[in-house]
Amino acid sequence: MRRYLKRKSPPPQIRDDSSSGNTLQEVNLGDLPADPGQRPNILHYNNNVRDQVRRAYLQKGPCQPHNHDFPPTIFGNQNRRFNKVWFSGHSNWLEYSVSKDAAYCLCCYLFKPDIGGQSGGDHFVTEGFKNWKRNDKLSIHVGGPNSAHNIAWGKCQDLMNQKQHIETVVCKQSNQEKARYKIRLNTSIEVARYLSTQGLAFRGHDESVSSNNPGNFIQLVKTFGRINPDIKALTLNNAPLNQKMTSPDIQKEIVNAFAMEIMKVIICDLGDSPFCLMVDEARDISMKEQMALVIRYVDKCGSVIERFLGVEDVTDTSALTLKATIDNVFSRYGLSISKLRGQGYDGASNMRGQFNGLKTLILNENPSAYYIHCFAHQLQLALVAVARKHDHISSLFDFTTRVLNVVGSSCKRRDLLREKQSEKILEALDMGEISTGRGLNQETNLKRAGDTRWSSHYNTLLSLINMFGAVIDVLELIGRDASSTSHRTEAQDIVDRLLSFDFLLSLFLMKKVLAITNELSQALQRKDQDIVNAMTLVQVSKIQIQSLRESGWSSLLDGVTFFCEKHGVDIPQMDAKYVARGRRRRNEEEMTNLHHYKIETFYTVLDMQLGELNARFSDSTMELLMCVSCLDPSNSFSHYNKEKLLRLVDFYPEDFTEFDKCKLSDQLDNYIVDMRLSKDFFGLNGISDLARIMVDTKRNKVYPLVYLLLTLALTLPVATATVERAFSAMNIIKNGLRNRMNDEWLSDSLLVFIEREVSTEIDNETIMESFQKMKTRKGHL
C-alpha cells in the first residue's frame, strides 16, 4: 500500500474523559497515524469510537511501503534488511514502520486482548519485530487456528462484515426501501455529475419549499421528476425527511466521492511510471493563495498525459511551505518522490525566487528530478519583457495600453468603434481592397494583452493595425466632443502620437517579431507537446528572426510607408537629420533618420531578441536536452547519436544500472536499423509519435530500455499550460457569488470539472459504493 509511504500524520491529541476512564472520545478518522510505529495503543481510544478507528484502519489496509529503501542492519558479519517480498506472503496483516524500521501486525494491534496489563506484549504490537535473519518468526506469529493472531484476525473479519453488526440488524431495511433509497441517491449523483462537469453552482439563495428558484441542484431533481414519475414519487417532499439526499453535506460528499474515484483512476493509470510535477500559484476570488499541482507522465499506450491533482491553500509562499504541501499531497495519493523525473514552474511568477528554493529542495532529495524552465514563459520573457528594455518598444506597449483604455473606457465608445470599423470595411469592400467570404470581416474589437497569455501581445498589435482608421476616427470625435477638457487633450495627444512614423515603425516591427513566434506560442499550449518538438520550434524562431535582421529591413520599411500613405502620415526623408519627439537632449548625438530607424531601432531590437533567445535556449548549456534530441525520429532518425543516448543514461542513475547501460548499447544497434527499415516509423513528427507507434507495434517490448529513455524524455515538462488552465477553471468555479467555498469543496469541484474526461467514464454504481464507504467511515450505516 504505497499510499502510506512517507506519510507523517501526527498522533491524535489525547483528551481525558473522566466519566469513561478512556481517552480520545472525539477522533478525526482522516488524521489517524498511518505509520504503525507512531500509533497510540488501541485501548487509548474511547469505547464509543474504538470500532470506528478499527474499521478505518481495516479499510485502509496494512501499511506496506513497497517502494521504500529499507535500511540494512548488521547481524554478525552480514547486513540484513526487511524484504518487501514478505508483504506478498502476509498481505492481510504484515505492516512496516518507516520511522522505526520494524515490522508490526495490524490485526493484533486492533484486537489483541489486554491480559493483566500486558496487552501488546508481543513484539509485533509494541516495539516491533526487527530480527530480519529470522523471517520464520512471521509464520510462528500466525500460529495455529486458535492462536491469538488468528482470533484477532477473525474479529477483524467480523467487524468488516456489516451483516453481523447489531446496529445493521436494528437498522436493516426492506429490499423495497433499499431500492427507493438507491433511486434517490442515483438521482442526486446524476445531478451532481452534470453540475460539476459544467462548473455550475449547486445551491440557491433560497432553497425553501415556497421558493421559485431553489437553486440548480434541487431544480434539476425536480426536472428529473417531471420526466420520470417514478423519481418524482420518491424525491424531495415525497422522500423521508432524513433521506432526501439533497442537503449541502450530501452534495459535497457526492462530489468528494467523484474526486476520490477520479484520483484512483489517475493513480492507477500512472502506476509505477516516472512522472513530472508542474506547479503554479494564484489568488482566488477570496484573496487566498492557491497552489495548483499537475503531473505529466506517459501512459500504457505511449501517449503523453497531463493530469490535475488539485489545488492546495498555502499560508505563505516560502520554499519550505511549498515543499511541505507537496509532500502532503504525495502522501495522500501514494505518490513517491523517488519516481519524480522532472519539475516545471512558472518562471514569470512572482514566486520565482521561492520556486528556485523549492527546485533545490526537491533536487536534494531526488537528483533525477530535473528542472526545465517553462518554454512558453521563457518565450514570453524573451520577446516581450526584453523588448521593453528598448526605449521605443517599451513606450510602444505602454502607449498601446493607454489607447485601449481611452477607446474602450465606456460602452458608448466601444459601440462607436465598432460602427466606425463597419464603415471602414464597407468602404474597403466597395473599393475592392478586401474580399468577402465565410468567416471574413467579422465584427471585432481591440484586444488587450495579458502578462501570462503568451500570444496576446501579438493579437493586441494586430487588432490595432486592422482597426487603425476606426481608432483614429473615434479619438478625433473624443477630442472634439468630450465634455472634459482633460479628455479632449488626452485624445488629441494620442492621435498625434499614433499618426507618427516613429510609432508605426515600432508597431510593425514588434508585430513582425511576435508573428514569427506566434505558432510556437500556440504549439506550446498543447498537452502532448514533447520537448524535442519545442526545441525545434524555438530553433526555427531564432532562424527566422536572424533572417529578418539580415534581409527584412526593406520589406518592413515598404510596409510602414504604404500604411503611412494610406492614413496620411508624414514620411520622413531617410537621409535627413533625425529629430526626436519632445525636448532635445543636451549633447545628443546627431544622426540621420535611416541610422536611427535601421540601426538604433531595427537592428538593436532584433539583436536583443536573438541574444535573449540564445541565452535562454542555449544548446551548449542544456546537455540533457541535447541528448534527448537524439531520439528525434524526423528525417529517418537523422539526429540519432548512440554516444549521446548512452550519456543520457547517466542523468538517470535510479533507472539504469551499469548492466542496463551495457545492454542498452547492444539494444541501440538493433533499434536504429529496425527503425530506419520499418515503414511504420516513416514520417514521424516527434518523440511523442515515436512512443505511440512503438507501443502499437510492440517494439516497446522488444527494446524496453530504449522505450524507457523515450518515456523519461517525454516526461520532461514543456510548458505549464495545463496549470494555467486550472486557474482559469478556478475563476469559473469560485466566482463572486461562490466566494465562500472551503478549500476541500473547491479542490473536489475543480478536479471533477477539469478531469471531465475521466469523471464521465465513472459509473454511478462506483460512486454509490464510494459514497457508502465514506458514510461508514463517518460512523453512519
# chains A, B, ... in the order shown; residues from 1 in each chain; ligands from 1
$ select_by_dssp --residues "range 704-746 of chain A" --states "alpha helix (DSSP H)" --output "list of chain:residue names"
A:Pro704, A:Leu705, A:Val706, A:Tyr707, A:Leu708, A:Leu709, A:Leu710, A:Thr711, A:Leu712, A:Ala713, A:Leu714, A:Thr715, A:Ala721, A:Thr722, A:Val723, A:Glu724, A:Arg725, A:Ala726, A:Phe727, A:Ser728, A:Ala729, A:Met730, A:Asn731, A:Ile732, A:Ile733, A:Asp743, A:Glu744, A:Trp745, A:Leu746
$ residues_around --residues "range 591-604 of chain A" --least-positions-apart "3" --cutoff "12 Å" --atoms "only C-alpha atoms" --output "PyMOL selection string"
chain A and resi 386-387+389-394+501-510+512-513+545-554+556-557+560+571-580+588+607-611
$ residues_around --residues "range 666-668 of chain A" --least-positions-apart "3" --cutoff "9 Å" --atoms "only C-alpha atoms" --output "ChimeraX atom specification"
/A:642,645,662-663,671-673,702-706
$ write_last_selection --atoms "N, CA, C and O atoms" --output "PDB file, in the first residue's frame"
ATOM      1  N   LYS A 642      24.410   7.541 -30.899  1.00  0.00           N
ATOM      2  CA  LYS A 642      24.467   6.499 -29.883  1.00  0.00           C
ATOM      3  C   LYS A 642      25.221   6.963 -28.639  1.00  0.00           C
ATOM      4  O   LYS A 642      24.788   6.701 -27.495  1.00  0.00           O
ATOM      5  N   LEU A 645      23.046   9.170 -26.504  1.00  0.00           N
ATOM      6  CA  LEU A 645      21.975   8.429 -25.855  1.00  0.00           C
ATOM      7  C   LEU A 645      22.514   7.636 -24.668  1.00  0.00           C
ATOM      8  O   LEU A 645      21.840   7.509 -23.638  1.00  0.00           O
ATOM      9  N   CYS A 662      25.193  -1.385 -20.412  1.00  0.00           N
ATOM     10  CA  CYS A 662      25.862  -2.281 -21.373  1.00  0.00           C
ATOM     11  C   CYS A 662      24.837  -2.940 -22.293  1.00  0.00           C
ATOM     12  O   CYS A 662      25.058  -3.063 -23.502  1.00  0.00           O
ATOM     13  N   LYS A 663      23.716  -3.335 -21.720  1.00  0.00           N
ATOM     14  CA  LYS A 663      22.663  -3.969 -22.516  1.00  0.00           C
ATOM     15  C   LYS A 663      22.048  -2.978 -23.489  1.00  0.00           C
ATOM     16  O   LYS A 663      21.717  -3.334 -24.633  1.00  0.00           O
ATOM     17  N   TYR A 671      18.064  -1.367 -32.644  1.00  0.00           N
ATOM     18  CA  TYR A 671      16.935  -0.422 -32.673  1.00  0.00           C
ATOM     19  C   TYR A 671      17.007   0.507 -33.878  1.00  0.00           C
ATOM     20  O   TYR A 671      16.025   0.665 -34.604  1.00  0.00           O
ATOM     21  N   ILE A 672      18.153   1.118 -34.107  1.00  0.00           N
ATOM     22  CA  ILE A 672      18.231   2.137 -35.171  1.00  0.00           C
ATOM     23  C   ILE A 672      18.073   1.503 -36.543  1.00  0.00           C
ATOM     24  O   ILE A 672      17.459   2.078 -37.453  1.00  0.00           O
ATOM     25  N   VAL A 673      18.599   0.280 -36.713  1.00  0.00           N
ATOM     26  CA  VAL A 673      18.428  -0.411 -38.000  1.00  0.00           C
ATOM     27  C   VAL A 673      16.963  -0.749 -38.225  1.00  0.00           C
ATOM     28  O   VAL A 673      16.401  -0.548 -39.314  1.00  0.00           O
ATOM     29  N   VAL A 702      10.238  -5.144 -27.361  1.00  0.00           N
ATOM     30  CA  VAL A 702      11.481  -5.609 -27.993  1.00  0.00           C
ATOM     31  C   VAL A 702      12.665  -4.785 -27.517  1.00  0.00           C
ATOM     32  O   VAL A 702      13.754  -5.314 -27.272  1.00  0.00           O
ATOM     33  N   TYR A 703      12.450  -3.450 -27.378  1.00  0.00           N
ATOM     34  CA  TYR A 703      13.525  -2.547 -26.957  1.00  0.00           C
ATOM     35  C   TYR A 703      13.084  -1.814 -25.675  1.00  0.00           C
ATOM     36  O   TYR A 703      12.833  -0.601 -25.691  1.00  0.00           O
ATOM     37  N   PRO A 704      12.969  -2.508 -24.564  1.00  0.00           N
ATOM     38  CA  PRO A 704      12.418  -1.895 -23.340  1.00  0.00           C
ATOM     39  C   PRO A 704      13.270  -0.754 -22.796  1.00  0.00           C
ATOM     40  O   PRO A 704      12.739   0.223 -22.270  1.00  0.00           O
ATOM     41  N   LEU A 705      14.605  -0.870 -22.907  1.00  0.00           N
ATOM     42  CA  LEU A 705      15.462   0.184 -22.368  1.00  0.00           C
ATOM     43  C   LEU A 705      15.384   1.447 -23.218  1.00  0.00           C
ATOM     44  O   LEU A 705      15.421   2.565 -22.690  1.00  0.00           O
ATOM     45  N   VAL A 706      15.279   1.283 -24.532  1.00  0.00           N
ATOM     46  CA  VAL A 706      15.116   2.450 -25.413  1.00  0.00           C
ATOM     47  C   VAL A 706      13.779   3.123 -25.133  1.00  0.00           C
ATOM     48  O   VAL A 706      13.681   4.362 -25.076  1.00  0.00           O
TER      49      VAL A 706
END
$ closest_residue --among "A:Leu462, A:Ala369, A:Ala482, A:Val27" --to "Asn47 in chain A" --atoms "only C-alpha atoms"
A:Val27
$ residues_around --residues "Ile494 in chain A" --least-positions-apart "6" --cutoff "10 Å" --atoms "only C-alpha atoms" --output "NGL selection string"
:A and (399-400 or 402-403 or 406 or 472 or 475-476 or 479)
$ closest_atom_pairs --of "range 543-639 of chain A" --to "range 713-730 of chain A" --cutoff "10 Å" --atoms "only C-alpha atoms" --output "CSV"
residue,atom,partner,partner_atom,distance
A:Leu624,CA,A:Ala713,CA,9.3
A:Leu625,CA,A:Ala713,CA,8.6
A:Cys627,CA,A:Ala713,CA,9.4
A:Val628,CA,A:Ala713,CA,6.1
A:Ser629,CA,A:Ala713,CA,9.0
A:Leu631,CA,A:Ala713,CA,8.7
$ residues_around --residues "Leu234 in chain A" --least-positions-apart "5" --cutoff "12 Å" --atoms "only C-alpha atoms" --output "PyMOL selection string"
chain A and resi 176-188+221-222+224-225+228-229+239-241+243-245
$ atom_distance --atom1 "CA of Asp660 in chain A" --atom2 "CA of Leu646 in chain A"
10.4 Å
$ atom_distance --atom1 "CA of Tyr297 in chain A" --atom2 "CA of Leu712 in chain A"
8.6 Å
$ closest_atom_pairs --of "range 130-246 of chain A" --to "range 77-86 of chain A" --cutoff "12 Å" --atoms "only C-alpha atoms" --output "JSON lines"
{"residue": "A:Lys130", "atom": "CA", "partner": "A:Phe82", "partner_atom": "CA", "distance": 8.1}
{"residue": "A:Asn131", "atom": "CA", "partner": "A:Arg81", "partner_atom": "CA", "distance": 8.9}
{"residue": "A:Trp132", "atom": "CA", "partner": "A:Arg81", "partner_atom": "CA", "distance": 5.9}
{"residue": "A:Lys133", "atom": "CA", "partner": "A:Arg80", "partner_atom": "CA", "distance": 6.8}
{"residue": "A:Arg134", "atom": "CA", "partner": "A:Arg80", "partner_atom": "CA", "distance": 10.4}
{"residue": "A:Asn135", "atom": "CA", "partner": "A:Trp86", "partner_atom": "CA", "distance": 8.4}
{"residue": "A:Asp136", "atom": "CA", "partner": "A:Trp86", "partner_atom": "CA", "distance": 10.5}
{"residue": "A:Lys137", "atom": "CA", "partner": "A:Trp86", "partner_atom": "CA", "distance": 11.5}
{"residue": "A:Leu138", "atom": "CA", "partner": "A:Trp86", "partner_atom": "CA", "distance": 8.8}
{"residue": "A:Ser139", "atom": "CA", "partner": "A:Trp86", "partner_atom": "CA", "distance": 10.6}
$ write_last_selection --atoms "N, CA and C atoms" --output "PDB file, in the first residue's frame"
ATOM      1  N   LYS A 130      12.251  -6.859  14.558  1.00  0.00           N
ATOM      2  CA  LYS A 130      13.392  -6.350  13.789  1.00  0.00           C
ATOM      3  C   LYS A 130      14.431  -7.421  13.473  1.00  0.00           C
ATOM      4  N   ASN A 131      14.191  -8.659  13.845  1.00  0.00           N
ATOM      5  CA  ASN A 131      15.185  -9.722  13.641  1.00  0.00           C
ATOM      6  C   ASN A 131      15.065 -10.246  12.205  1.00  0.00           C
ATOM      7  N   TRP A 132      15.682  -9.531  11.253  1.00  0.00           N
ATOM      8  CA  TRP A 132      15.479  -9.836   9.823  1.00  0.00           C
ATOM      9  C   TRP A 132      16.068 -11.182   9.408  1.00  0.00           C
ATOM     10  N   LYS A 133      16.990 -11.753  10.159  1.00  0.00           N
ATOM     11  CA  LYS A 133      17.539 -13.050   9.759  1.00  0.00           C
ATOM     12  C   LYS A 133      16.631 -14.206  10.171  1.00  0.00           C
ATOM     13  N   ARG A 134      15.591 -13.919  10.961  1.00  0.00           N
ATOM     14  CA  ARG A 134      14.646 -14.951  11.397  1.00  0.00           C
ATOM     15  C   ARG A 134      13.264 -14.633  10.833  1.00  0.00           C
ATOM     16  N   ASN A 135      13.146 -14.653   9.505  1.00  0.00           N
ATOM     17  CA  ASN A 135      11.847 -14.359   8.897  1.00  0.00           C
ATOM     18  C   ASN A 135      10.829 -15.480   9.152  1.00  0.00           C
ATOM     19  N   ASP A 136      11.307 -16.641   9.667  1.00  0.00           N
ATOM     20  CA  ASP A 136      10.375 -17.697  10.023  1.00  0.00           C
ATOM     21  C   ASP A 136       9.490 -17.290  11.199  1.00  0.00           C
ATOM     22  N   LYS A 137       9.924 -16.250  11.931  1.00  0.00           N
ATOM     23  CA  LYS A 137       9.126 -15.761  13.046  1.00  0.00           C
ATOM     24  C   LYS A 137       7.768 -15.233  12.575  1.00  0.00           C
ATOM     25  N   LEU A 138       7.688 -14.834  11.303  1.00  0.00           N
ATOM     26  CA  LEU A 138       6.419 -14.342  10.776  1.00  0.00           C
ATOM     27  C   LEU A 138       5.368 -15.453  10.794  1.00  0.00           C
ATOM     28  N   SER A 139       5.762 -16.647  10.323  1.00  0.00           N
ATOM     29  CA  SER A 139       4.831 -17.778  10.332  1.00  0.00           C
ATOM     30  C   SER A 139       4.555 -18.249  11.753  1.00  0.00           C
TER      31      SER A 139
END
$ residues_around --residues "Leu477 in chain A" --least-positions-apart "6" --cutoff "12 Å" --atoms "only C-alpha atoms" --output "mmCIF file with C-alpha atoms, in the first residue's frame"
data_model
loop_
_atom_site.group_PDB
_atom_site.id
_atom_site.type_symbol
_atom_site.label_atom_id
_atom_site.label_comp_id
_atom_site.auth_asym_id
_atom_site.auth_seq_id
_atom_site.Cartn_x
_atom_site.Cartn_y
_atom_site.Cartn_z
ATOM 1 C CA VAL A 407 -11.098 53.993 -26.645
ATOM 2 C CA ARG A 413 -17.039 54.426 -27.170
ATOM 3 C CA LEU A 416 -18.774 53.863 -31.741
ATOM 4 C CA LEU A 417 -15.548 51.995 -32.543
ATOM 5 C CA LYS A 420 -16.619 53.137 -37.474
ATOM 6 C CA ALA A 470 -11.569 53.441 -36.854
ATOM 7 C CA VAL A 471 -9.467 54.147 -33.742
ATOM 8 C CA SER A 483 -17.205 67.170 -22.056
ATOM 9 C CA HIS A 487 -10.291 64.037 -22.011
ATOM 10 C CA ARG A 488 -10.155 66.189 -25.130
ATOM 11 C CA THR A 489 -6.475 66.999 -24.590
ATOM 12 C CA ALA A 491 -7.380 62.172 -27.085
ATOM 13 C CA GLN A 492 -5.619 64.800 -29.208
ATOM 14 C CA VAL A 495 -3.877 60.975 -32.160
#
$ atom_distance --atom1 "CA of Ser463 in chain A" --atom2 "CA of Glu419 in chain A"
15.4 Å
$ residues_around --residues "Asp280 in chain A" --least-positions-apart "2" --cutoff "7 Å" --atoms "only C-alpha atoms" --output "PyMOL selection string"
chain A and resi 291-292+345-346+723
$ select_by_dssp --residues "range 76-147 of chain A" --states "strand (DSSP E or B)" --output "MDAnalysis selection string"
chainID A and resid 78:80 94:97 102:105 129
